>>> print(open('model_32.csv').read())   # CSV, N, CA and C atoms
chain,number,residue,atom,x,y,z
A,1,MET,N,1.7,12.8,-36.2
A,1,MET,CA,2.0,14.1,-35.7
A,1,MET,C,3.0,14.7,-36.7
A,2,ASN,N,2.7,15.7,-37.5
A,2,ASN,CA,3.6,16.4,-38.4
A,2,ASN,C,4.1,17.6,-37.7
A,3,LEU,N,5.4,17.7,-37.5
A,3,LEU,CA,6.0,18.8,-36.8
A,3,LEU,C,6.5,19.9,-37.7
A,4,GLY,N,6.4,19.8,-39.0
A,4,GLY,CA,6.9,20.8,-39.9
A,4,GLY,C,8.3,20.6,-40.2
A,5,PRO,N,8.8,21.3,-41.1
A,5,PRO,CA,10.2,21.1,-41.6
A,5,PRO,C,11.3,21.7,-40.6
A,6,GLU,N,10.9,22.6,-39.7
A,6,GLU,CA,12.0,23.3,-39.0
A,6,GLU,C,11.8,23.2,-37.5
A,7,LYS,N,10.7,22.8,-37.0
A,7,LYS,CA,10.4,22.8,-35.5
A,7,LYS,C,10.1,21.4,-35.0
A,8,ILE,N,10.7,21.0,-33.9
A,8,ILE,CA,10.4,19.7,-33.3
A,8,ILE,C,9.9,19.9,-31.9
A,9,ASP,N,8.8,19.4,-31.5
A,9,ASP,CA,8.3,19.5,-30.1
A,9,ASP,C,8.9,18.3,-29.4
A,10,VAL,N,10.1,18.4,-28.8
A,10,VAL,CA,10.8,17.3,-28.2
A,10,VAL,C,10.0,16.6,-27.1
A,11,PRO,N,9.4,17.4,-26.2
A,11,PRO,CA,8.6,16.6,-25.1
A,11,PRO,C,7.5,15.8,-25.7
A,12,ALA,N,6.8,16.3,-26.7
A,12,ALA,CA,5.6,15.6,-27.2
A,12,ALA,C,6.1,14.3,-28.0
A,13,VAL,N,7.2,14.5,-28.8
A,13,VAL,CA,7.7,13.3,-29.5
A,13,VAL,C,8.3,12.3,-28.5
A,14,ALA,N,9.0,12.8,-27.5
A,14,ALA,CA,9.6,11.9,-26.4
A,14,ALA,C,8.5,11.1,-25.7
A,15,ALA,N,7.3,11.7,-25.5
A,15,ALA,CA,6.2,11.0,-24.8
A,15,ALA,C,5.8,9.8,-25.7
A,16,GLU,N,5.6,10.1,-27.0
A,16,GLU,CA,5.2,9.1,-28.0
A,16,GLU,C,6.2,8.0,-28.1
A,17,VAL,N,7.5,8.4,-28.2
A,17,VAL,CA,8.6,7.4,-28.3
A,17,VAL,C,8.6,6.5,-27.0
A,18,HIS,N,8.5,7.2,-25.9
A,18,HIS,CA,8.5,6.4,-24.6
A,18,HIS,C,7.4,5.4,-24.6
A,19,GLY,N,6.2,5.7,-25.1
A,19,GLY,CA,5.1,4.8,-25.2
A,19,GLY,C,5.5,3.6,-26.1
A,20,ALA,N,6.1,3.9,-27.2
A,20,ALA,CA,6.5,2.8,-28.1
A,20,ALA,C,7.6,1.9,-27.5
A,21,LEU,N,8.5,2.5,-26.8
A,21,LEU,CA,9.5,1.7,-26.1
A,21,LEU,C,8.9,0.8,-25.0
A,22,LEU,N,7.9,1.4,-24.3
A,22,LEU,CA,7.3,0.6,-23.2
A,22,LEU,C,6.5,-0.6,-23.8
A,23,ARG,N,5.8,-0.4,-25.0
A,23,ARG,CA,5.1,-1.5,-25.6
A,23,ARG,C,6.1,-2.6,-26.0
A,24,ARG,N,7.2,-2.2,-26.6
A,24,ARG,CA,8.2,-3.2,-27.0
A,24,ARG,C,8.8,-3.9,-25.8
A,25,ARG,N,9.1,-3.2,-24.7
A,25,ARG,CA,9.6,-3.8,-23.5
A,25,ARG,C,8.6,-4.8,-22.9
A,26,ASP,N,7.3,-4.4,-22.9
A,26,ASP,CA,6.3,-5.3,-22.3
A,26,ASP,C,6.1,-6.5,-23.1
A,27,ALA,N,6.3,-6.5,-24.4
A,27,ALA,CA,6.1,-7.6,-25.3
A,27,ALA,C,7.3,-8.6,-25.3
A,28,ARG,N,8.3,-8.2,-24.7
A,28,ARG,CA,9.5,-9.1,-24.7
A,28,ARG,C,9.4,-10.2,-23.7
A,29,ARG,N,9.8,-11.4,-24.1
A,29,ARG,CA,9.8,-12.5,-23.2
A,29,ARG,C,11.2,-12.7,-22.5
A,30,THR,N,11.2,-13.3,-21.3
A,30,THR,CA,12.4,-13.5,-20.6
A,30,THR,C,13.4,-14.3,-21.4
A,31,GLY,N,14.6,-13.8,-21.5
A,31,GLY,CA,15.7,-14.5,-22.2
A,31,GLY,C,15.8,-14.0,-23.7
A,32,GLU,N,14.8,-13.3,-24.2
A,32,GLU,CA,14.9,-12.8,-25.6
A,32,GLU,C,15.8,-11.6,-25.6
A,33,LEU,N,16.3,-11.3,-26.8
A,33,LEU,CA,17.1,-10.1,-27.0
A,33,LEU,C,16.2,-8.9,-27.0
A,34,PRO,N,16.7,-7.7,-26.6
A,34,PRO,CA,15.8,-6.5,-26.6
A,34,PRO,C,15.2,-6.2,-27.9
A,35,ARG,N,14.0,-5.8,-27.9
A,35,ARG,CA,13.3,-5.3,-29.1
A,35,ARG,C,13.6,-3.9,-29.3
A,36,VAL,N,14.5,-3.6,-30.2
A,36,VAL,CA,15.0,-2.2,-30.4
A,36,VAL,C,14.1,-1.5,-31.4
A,37,ILE,N,14.2,-0.1,-31.3
A,37,ILE,CA,13.7,0.8,-32.3
A,37,ILE,C,14.8,1.5,-32.9
A,38,THR,N,15.1,1.4,-34.2
A,38,THR,CA,16.2,2.1,-34.8
A,38,THR,C,15.9,3.6,-34.8
A,39,ALA,N,17.0,4.4,-34.9
A,39,ALA,CA,16.9,5.9,-35.0
A,39,ALA,C,16.1,6.2,-36.3
A,40,ARG,N,16.4,5.5,-37.4
A,40,ARG,CA,15.7,5.8,-38.6
A,40,ARG,C,14.2,5.5,-38.5
A,41,SER,N,13.8,4.5,-37.8
A,41,SER,CA,12.4,4.2,-37.6
A,41,SER,C,11.7,5.3,-36.7
A,42,ILE,N,12.4,5.7,-35.7
A,42,ILE,CA,11.9,6.8,-34.8
A,42,ILE,C,11.7,8.0,-35.7
A,43,ALA,N,12.7,8.4,-36.5
A,43,ALA,CA,12.5,9.6,-37.3
A,43,ALA,C,11.4,9.5,-38.3
A,44,ARG,N,11.2,8.3,-38.9
A,44,ARG,CA,10.1,8.1,-39.8
A,44,ARG,C,8.7,8.0,-39.1
A,45,LEU,N,8.6,7.2,-38.1
A,45,LEU,CA,7.3,7.0,-37.4
A,45,LEU,C,6.8,8.3,-36.7
A,46,PHE,N,7.7,9.0,-36.1
A,46,PHE,CA,7.3,10.2,-35.3
A,46,PHE,C,7.6,11.5,-36.0
A,47,HIS,N,8.0,11.5,-37.3
A,47,HIS,CA,8.2,12.7,-38.1
A,47,HIS,C,9.2,13.6,-37.5
A,48,VAL,N,10.4,13.0,-37.1
A,48,VAL,CA,11.4,13.8,-36.5
A,48,VAL,C,12.2,14.4,-37.7
A,49,ARG,N,11.9,15.6,-38.1
A,49,ARG,CA,12.6,16.2,-39.2
A,49,ARG,C,12.9,17.7,-38.9
A,50,PRO,N,13.8,18.0,-38.0
A,50,PRO,CA,14.0,19.4,-37.7
A,50,PRO,C,14.4,20.3,-38.8
A,51,HIS,N,15.3,19.7,-39.8
A,51,HIS,CA,15.7,20.5,-40.9
A,51,HIS,C,15.6,19.8,-42.2
A,52,GLY,N,15.2,18.5,-42.2
A,52,GLY,CA,14.9,17.8,-43.4
A,52,GLY,C,16.0,16.9,-43.9
A,53,CYS,N,17.2,17.1,-43.5
A,53,CYS,CA,18.3,16.2,-44.0
A,53,CYS,C,18.5,15.0,-43.0
A,54,MET,N,19.1,13.9,-43.5
A,54,MET,CA,19.2,12.8,-42.6
A,54,MET,C,20.0,13.1,-41.4
A,55,ASP,N,21.1,13.9,-41.5
A,55,ASP,CA,21.9,14.2,-40.3
A,55,ASP,C,21.0,14.9,-39.2
A,56,SER,N,20.1,15.8,-39.7
A,56,SER,CA,19.3,16.5,-38.7
A,56,SER,C,18.3,15.5,-38.1
A,57,LYS,N,17.8,14.5,-38.9
A,57,LYS,CA,16.9,13.5,-38.3
A,57,LYS,C,17.6,12.8,-37.2
A,58,ARG,N,18.9,12.4,-37.4
A,58,ARG,CA,19.6,11.7,-36.4
A,58,ARG,C,19.8,12.6,-35.1
A,59,ARG,N,20.1,13.8,-35.4
A,59,ARG,CA,20.3,14.8,-34.3
A,59,ARG,C,18.9,15.0,-33.5
A,60,GLY,N,17.8,15.0,-34.3
A,60,GLY,CA,16.5,15.1,-33.6
A,60,GLY,C,16.2,13.9,-32.8
A,61,VAL,N,16.6,12.7,-33.2
A,61,VAL,CA,16.4,11.5,-32.4
A,61,VAL,C,17.2,11.6,-31.2
A,62,ARG,N,18.5,12.0,-31.3
A,62,ARG,CA,19.4,12.1,-30.1
A,62,ARG,C,18.8,13.1,-29.1
A,63,LEU,N,18.2,14.2,-29.6
A,63,LEU,CA,17.6,15.2,-28.7
A,63,LEU,C,16.4,14.5,-27.9
A,64,VAL,N,15.6,13.7,-28.6
A,64,VAL,CA,14.5,13.1,-28.0
A,64,VAL,C,15.0,12.1,-26.9
A,65,MET,N,16.0,11.3,-27.3
A,65,MET,CA,16.5,10.3,-26.3
A,65,MET,C,17.2,11.0,-25.1
A,66,ARG,N,17.9,12.1,-25.3
A,66,ARG,CA,18.4,12.9,-24.2
A,66,ARG,C,17.3,13.4,-23.3
A,67,HIS,N,16.2,13.9,-23.9
A,67,HIS,CA,15.1,14.4,-23.1
A,67,HIS,C,14.5,13.2,-22.3
A,68,LEU,N,14.4,12.0,-22.8
A,68,LEU,CA,13.9,10.9,-22.1
A,68,LEU,C,14.8,10.6,-20.9
A,69,ARG,N,16.1,10.5,-21.2
A,69,ARG,CA,17.1,10.2,-20.1
A,69,ARG,C,17.1,11.3,-19.0
A,70,ASP,N,16.9,12.5,-19.4
A,70,ASP,CA,16.9,13.6,-18.4
A,70,ASP,C,15.6,13.5,-17.6
A,71,GLU,N,14.6,12.9,-18.1
A,71,GLU,CA,13.3,12.7,-17.4
A,71,GLU,C,13.4,11.4,-16.5
A,72,GLY,N,14.5,10.7,-16.6
A,72,GLY,CA,14.7,9.5,-15.8
A,72,GLY,C,14.3,8.2,-16.4
A,73,VAL,N,14.0,8.2,-17.7
A,73,VAL,CA,13.7,7.0,-18.4
A,73,VAL,C,15.0,6.3,-18.8
A,74,PRO,N,15.2,5.0,-18.4
A,74,PRO,CA,16.4,4.3,-18.7
A,74,PRO,C,16.5,3.8,-20.1
A,75,VAL,N,16.7,4.7,-21.1
A,75,VAL,CA,16.8,4.3,-22.5
A,75,VAL,C,18.2,3.8,-22.7
A,76,LEU,N,18.4,2.6,-23.3
A,76,LEU,CA,19.7,2.0,-23.6
A,76,LEU,C,19.8,2.0,-25.1
A,77,SER,N,21.1,1.8,-25.5
A,77,SER,CA,21.4,1.7,-26.9
A,77,SER,C,22.7,0.8,-27.0
A,78,THR,N,22.7,0.0,-28.1
A,78,THR,CA,23.9,-0.8,-28.4
A,78,THR,C,24.3,-0.6,-29.8
A,79,GLY,N,23.9,0.5,-30.4
A,79,GLY,CA,24.2,0.7,-31.8
A,79,GLY,C,23.2,0.2,-32.8
A,80,ASN,N,22.4,-0.8,-32.4
A,80,ASN,CA,21.4,-1.3,-33.3
A,80,ASN,C,20.1,-0.6,-33.2
A,81,GLY,N,19.9,0.1,-32.1
A,81,GLY,CA,18.7,0.9,-31.8
A,81,GLY,C,18.6,1.2,-30.3
A,82,TYR,N,17.4,1.8,-30.0
A,82,TYR,CA,17.1,2.1,-28.6
A,82,TYR,C,16.1,1.2,-28.0
A,83,TYR,N,16.2,1.0,-26.7
A,83,TYR,CA,15.3,0.1,-26.0
A,83,TYR,C,15.4,0.3,-24.5
A,84,LEU,N,14.4,-0.2,-23.8
A,84,LEU,CA,14.4,-0.1,-22.3
A,84,LEU,C,14.9,-1.4,-21.8
A,85,GLY,N,15.8,-1.4,-20.9
A,85,GLY,CA,16.4,-2.6,-20.3
A,85,GLY,C,15.5,-3.3,-19.4
A,86,VAL,N,15.6,-4.6,-19.4
A,86,VAL,CA,14.8,-5.5,-18.5
A,86,VAL,C,15.7,-6.3,-17.7
A,87,GLU,N,16.7,-6.9,-18.3
A,87,GLU,CA,17.6,-7.8,-17.6
A,87,GLU,C,19.0,-7.1,-17.4
A,88,PRO,N,19.8,-7.6,-16.4
A,88,PRO,CA,21.1,-7.1,-16.2
A,88,PRO,C,22.0,-7.1,-17.4
A,89,ALA,N,21.8,-8.2,-18.3
A,89,ALA,CA,22.6,-8.3,-19.5
A,89,ALA,C,22.4,-7.1,-20.4
A,90,ASP,N,21.2,-6.6,-20.4
A,90,ASP,CA,20.9,-5.4,-21.3
A,90,ASP,C,21.7,-4.2,-20.9
A,91,TYR,N,21.8,-4.0,-19.6
A,91,TYR,CA,22.6,-2.9,-19.1
A,91,TYR,C,24.1,-3.1,-19.3
A,92,GLU,N,24.6,-4.3,-19.2
A,92,GLU,CA,26.0,-4.6,-19.5
A,92,GLU,C,26.3,-4.4,-20.9
A,93,ALA,N,25.4,-4.8,-21.8
A,93,ALA,CA,25.7,-4.7,-23.3
A,93,ALA,C,25.7,-3.2,-23.6
A,94,ALA,N,24.8,-2.4,-23.0
A,94,ALA,CA,24.8,-1.0,-23.3
A,94,ALA,C,26.1,-0.3,-22.7
A,95,GLU,N,26.5,-0.7,-21.6
A,95,GLU,CA,27.7,-0.2,-21.0
A,95,GLU,C,28.9,-0.5,-21.8
A,96,ARG,N,29.0,-1.7,-22.3
A,96,ARG,CA,30.2,-2.1,-23.2
A,96,ARG,C,30.2,-1.2,-24.5
A,97,PHE,N,29.0,-1.0,-25.0
A,97,PHE,CA,28.9,-0.2,-26.2
A,97,PHE,C,29.4,1.2,-25.9
A,98,ALA,N,28.9,1.8,-24.8
A,98,ALA,CA,29.2,3.2,-24.5
A,98,ALA,C,30.7,3.3,-24.2
A,99,ARG,N,31.3,2.3,-23.5
A,99,ARG,CA,32.7,2.3,-23.2
A,99,ARG,C,33.6,2.3,-24.5
A,100,ARG,N,33.1,1.4,-25.4
A,100,ARG,CA,33.9,1.2,-26.7
A,100,ARG,C,33.8,2.5,-27.5
A,101,ASN,N,32.7,3.2,-27.6
A,101,ASN,CA,32.5,4.4,-28.3
A,101,ASN,C,33.2,5.5,-27.5
A,102,GLY,N,33.1,5.5,-26.2
A,102,GLY,CA,33.7,6.5,-25.4
A,102,GLY,C,35.2,6.5,-25.5
A,103,LEU,N,35.8,5.3,-25.6
A,103,LEU,CA,37.2,5.2,-25.6
A,103,LEU,C,37.7,5.9,-26.9
A,104,GLN,N,37.0,5.8,-28.0
A,104,GLN,CA,37.4,6.4,-29.3
A,104,GLN,C,37.4,7.9,-29.1
A,105,ASN,N,36.4,8.4,-28.4
A,105,ASN,CA,36.3,9.9,-28.2
A,105,ASN,C,37.3,10.4,-27.2
A,106,LEU,N,37.7,9.6,-26.2
A,106,LEU,CA,38.7,10.0,-25.2
A,106,LEU,C,40.1,10.1,-25.9
A,107,VAL,N,40.4,9.1,-26.8
A,107,VAL,CA,41.6,9.2,-27.5
A,107,VAL,C,41.7,10.5,-28.3
A,108,LEU,N,40.7,10.8,-29.0
A,108,LEU,CA,40.7,12.0,-29.8
A,108,LEU,C,40.8,13.2,-28.9
A,109,ALA,N,40.1,13.2,-27.8
A,109,ALA,CA,40.2,14.4,-26.8
A,109,ALA,C,41.6,14.6,-26.3
A,110,SER,N,42.2,13.5,-26.0
A,110,SER,CA,43.6,13.5,-25.4
A,110,SER,C,44.5,14.1,-26.5
A,111,GLN,N,44.4,13.6,-27.7
A,111,GLN,CA,45.3,14.1,-28.8
A,111,GLN,C,45.1,15.6,-29.0
A,112,VAL,N,43.8,16.1,-29.0
A,112,VAL,CA,43.6,17.5,-29.2
A,112,VAL,C,44.1,18.3,-28.0
A,113,LYS,N,44.0,17.7,-26.8
A,113,LYS,CA,44.4,18.4,-25.6
A,113,LYS,C,45.9,18.6,-25.6
A,114,HIS,N,46.7,17.7,-26.1
A,114,HIS,CA,48.1,17.7,-26.1
A,114,HIS,C,48.7,18.2,-27.4
A,115,ALA,N,47.9,18.7,-28.3
A,115,ALA,CA,48.4,19.3,-29.5
A,115,ALA,C,49.2,20.5,-29.3
A,116,PRO,N,50.4,20.7,-29.9
A,116,PRO,CA,51.2,21.9,-29.6
A,116,PRO,C,50.5,23.2,-30.2
A,117,GLU,N,49.7,23.0,-31.1
A,117,GLU,CA,49.0,24.2,-31.7
A,117,GLU,C,48.0,24.8,-30.7
A,118,ARG,N,47.6,24.0,-29.7
A,118,ARG,CA,46.6,24.5,-28.7
A,118,ARG,C,47.2,25.6,-27.9
A,119,ALA,N,48.5,25.5,-27.5
A,119,ALA,CA,49.1,26.5,-26.7
A,119,ALA,C,49.3,27.8,-27.5
A,120,GLU,N,49.6,27.7,-28.8
A,120,GLU,CA,49.7,28.8,-29.6
A,120,GLU,C,48.4,29.5,-29.8
A,121,ALA,N,47.3,28.7,-30.0
A,121,ALA,CA,46.0,29.3,-30.2
A,121,ALA,C,45.5,30.1,-29.0
A,122,SER,N,46.0,29.7,-27.8
A,122,SER,CA,45.5,30.5,-26.6
A,122,SER,C,46.4,31.7,-26.3
A,123,GLY,N,47.3,32.0,-27.2
A,123,GLY,CA,48.2,33.1,-27.1
A,123,GLY,C,49.5,32.9,-26.4
A,124,GLN,N,49.7,31.7,-26.0
A,124,GLN,CA,51.0,31.3,-25.3
A,124,GLN,C,51.9,30.8,-26.3
A,125,LEU,N,52.7,31.7,-27.0
A,125,LEU,CA,53.6,31.2,-28.1
A,125,LEU,C,54.7,30.4,-27.5
A,126,VAL,N,55.0,29.4,-28.2
A,126,VAL,CA,56.1,28.5,-27.8
A,126,VAL,C,57.4,29.0,-28.4
A,127,MET,N,58.3,29.5,-27.6
A,127,MET,CA,59.6,30.1,-28.1
A,127,MET,C,60.7,29.0,-28.0
A,128,PHE,N,61.5,29.0,-29.0
A,128,PHE,CA,62.7,28.2,-29.1
A,128,PHE,C,62.3,26.7,-29.1
A,129,ASP,N,61.1,26.4,-29.6
A,129,ASP,CA,60.7,25.0,-29.7
A,129,ASP,C,61.1,24.4,-31.1
A,130,THR,N,62.0,23.5,-31.1
A,130,THR,CA,62.5,22.9,-32.3
A,130,THR,C,62.0,21.6,-32.7
A,131,ARG,N,61.0,21.1,-31.9
A,131,ARG,CA,60.4,19.8,-32.2
A,131,ARG,C,59.6,19.9,-33.5
A,132,PRO,N,59.6,18.8,-34.2
A,132,PRO,CA,58.8,18.8,-35.5
A,132,PRO,C,57.4,18.8,-35.1
A,133,ARG,N,56.6,19.5,-35.9
A,133,ARG,CA,55.2,19.6,-35.7
A,133,ARG,C,54.4,18.6,-36.6
A,134,ALA,N,53.9,17.6,-35.9
A,134,ALA,CA,53.1,16.6,-36.6
A,134,ALA,C,51.7,16.7,-36.0
A,135,PRO,N,50.7,16.6,-36.9
A,135,PRO,CA,49.3,16.6,-36.3
A,135,PRO,C,49.1,15.4,-35.3
A,136,HIS,N,48.4,15.7,-34.2
A,136,HIS,CA,48.2,14.7,-33.2
A,136,HIS,C,46.8,14.2,-33.2
A,137,TYR,N,45.9,14.7,-34.1
A,137,TYR,CA,44.6,14.3,-34.1
A,137,TYR,C,44.1,14.0,-35.6
A,138,VAL,N,43.1,13.2,-35.6
A,138,VAL,CA,42.6,12.7,-36.9
A,138,VAL,C,41.7,13.7,-37.5
>>> encode(input="model_32.csv", output="structure tokens")
Amino acid sequence: MNLGPEKIDVPAVAAEVHGALLRRRDARRTGELPRVITARSIARLFHVRPHGCMDSKRRGVRLVMRHLRDEGVPVLSTGNGYYLGVEPADYEAAERFARRNGLQNLVLASQVKHAPERAEASGQLVMFDTRPRAPHYV
């Protein structure tokens, strides 16, 4: 399926990716590690190229995965790739990965939230503030 350089049919690609994930899940034996599909493989196999650059391919794959999750498909990820969970350990590993990545994002969000420049940007000028201004975010 060639979707062209600028348009991606997310539901159609999602249906194909879902089929591939189901085949990998069904081929897995009890006790084996999940058989993942990497984002790069999904982009290559299903021609996910919304704008042609690698960053757009990754974004296109994230859109496809979000669509599948919105449809109720339990797509999991641990950073190695995407897969459908079979055992409780699969879900625990995905949760640990999400918490680890989420914690990094929460720290950054907190630093941005408490930055003194935020109050000034919203029009609430800080008067008589003599504290040194150091950046709070990376």
>>> atom_distance(input="model_32.csv", atom1="atom C of A:Arg35", atom2="atom C of A:Arg59")
20.1 Å
>>> residues_around(input="model_32.csv", residues="stretch 16-21 of chain A", least_positions_apart="2", cutoff="8 Å", atoms="only N, CA and C atoms", output="PyMOL selection string")
chain A and resi 10-14+23-27+35-37+42+46+68+82-84
>>> select_by_dssp(input="model_32.csv", residues="stretch 3-99 of chain A", states="alpha helix (DSSP H)", output="NGL selection string")
:A and (10-27 or 39-45 or 54-70 or 88-99)
>>> residues_around(input="model_32.csv", residues="A:Pro88", least_positions_apart="5", cutoff="12 Å", atoms="only C-alpha atoms", output="PDB file with N, CA and C atoms, in the frame of the given file")
ATOM      1  N   THR A  30      11.200 -13.300 -21.300  1.00  0.00           N
ATOM      2  CA  THR A  30      12.400 -13.500 -20.600  1.00  0.00           C
ATOM      3  C   THR A  30      13.400 -14.300 -21.400  1.00  0.00           C
ATOM      4  N   GLY A  31      14.600 -13.800 -21.500  1.00  0.00           N
ATOM      5  CA  GLY A  31      15.700 -14.500 -22.200  1.00  0.00           C
ATOM      6  C   GLY A  31      15.800 -14.000 -23.700  1.00  0.00           C
ATOM      7  N   LEU A  33      16.300 -11.300 -26.800  1.00  0.00           N
ATOM      8  CA  LEU A  33      17.100 -10.100 -27.000  1.00  0.00           C
ATOM      9  C   LEU A  33      16.200  -8.900 -27.000  1.00  0.00           C
ATOM     10  N   PRO A  34      16.700  -7.700 -26.600  1.00  0.00           N
ATOM     11  CA  PRO A  34      15.800  -6.500 -26.600  1.00  0.00           C
ATOM     12  C   PRO A  34      15.200  -6.200 -27.900  1.00  0.00           C
ATOM     13  N   LEU A  76      18.400   2.600 -23.300  1.00  0.00           N
ATOM     14  CA  LEU A  76      19.700   2.000 -23.600  1.00  0.00           C
ATOM     15  C   LEU A  76      19.800   2.000 -25.100  1.00  0.00           C
ATOM     16  N   ALA A  93      25.400  -4.800 -21.800  1.00  0.00           N
ATOM     17  CA  ALA A  93      25.700  -4.700 -23.300  1.00  0.00           C
ATOM     18  C   ALA A  93      25.700  -3.200 -23.600  1.00  0.00           C
ATOM     19  N   ALA A  94      24.800  -2.400 -23.000  1.00  0.00           N
ATOM     20  CA  ALA A  94      24.800  -1.000 -23.300  1.00  0.00           C
ATOM     21  C   ALA A  94      26.100  -0.300 -22.700  1.00  0.00           C
ATOM     22  N   GLU A  95      26.500  -0.700 -21.600  1.00  0.00           N
ATOM     23  CA  GLU A  95      27.700  -0.200 -21.000  1.00  0.00           C
ATOM     24  C   GLU A  95      28.900  -0.500 -21.800  1.00  0.00           C
TER      25      GLU A  95
END
>>> closest_residue(input="model_32.csv", among="A:Leu22, A:Ala15, A:Val112, A:Ala39", to="A:Arg58", atoms="all atoms listed in the file")
A:Ala39
>>> atom_distance(input="model_32.csv", atom1="atom N of A:Glu32", atom2="atom C of A:Asp90")
11.9 Å
>>> atom_distance(input="model_32.csv", atom1="atom C of A:Arg40", atom2="atom CA of A:Val61")
8.8 Å
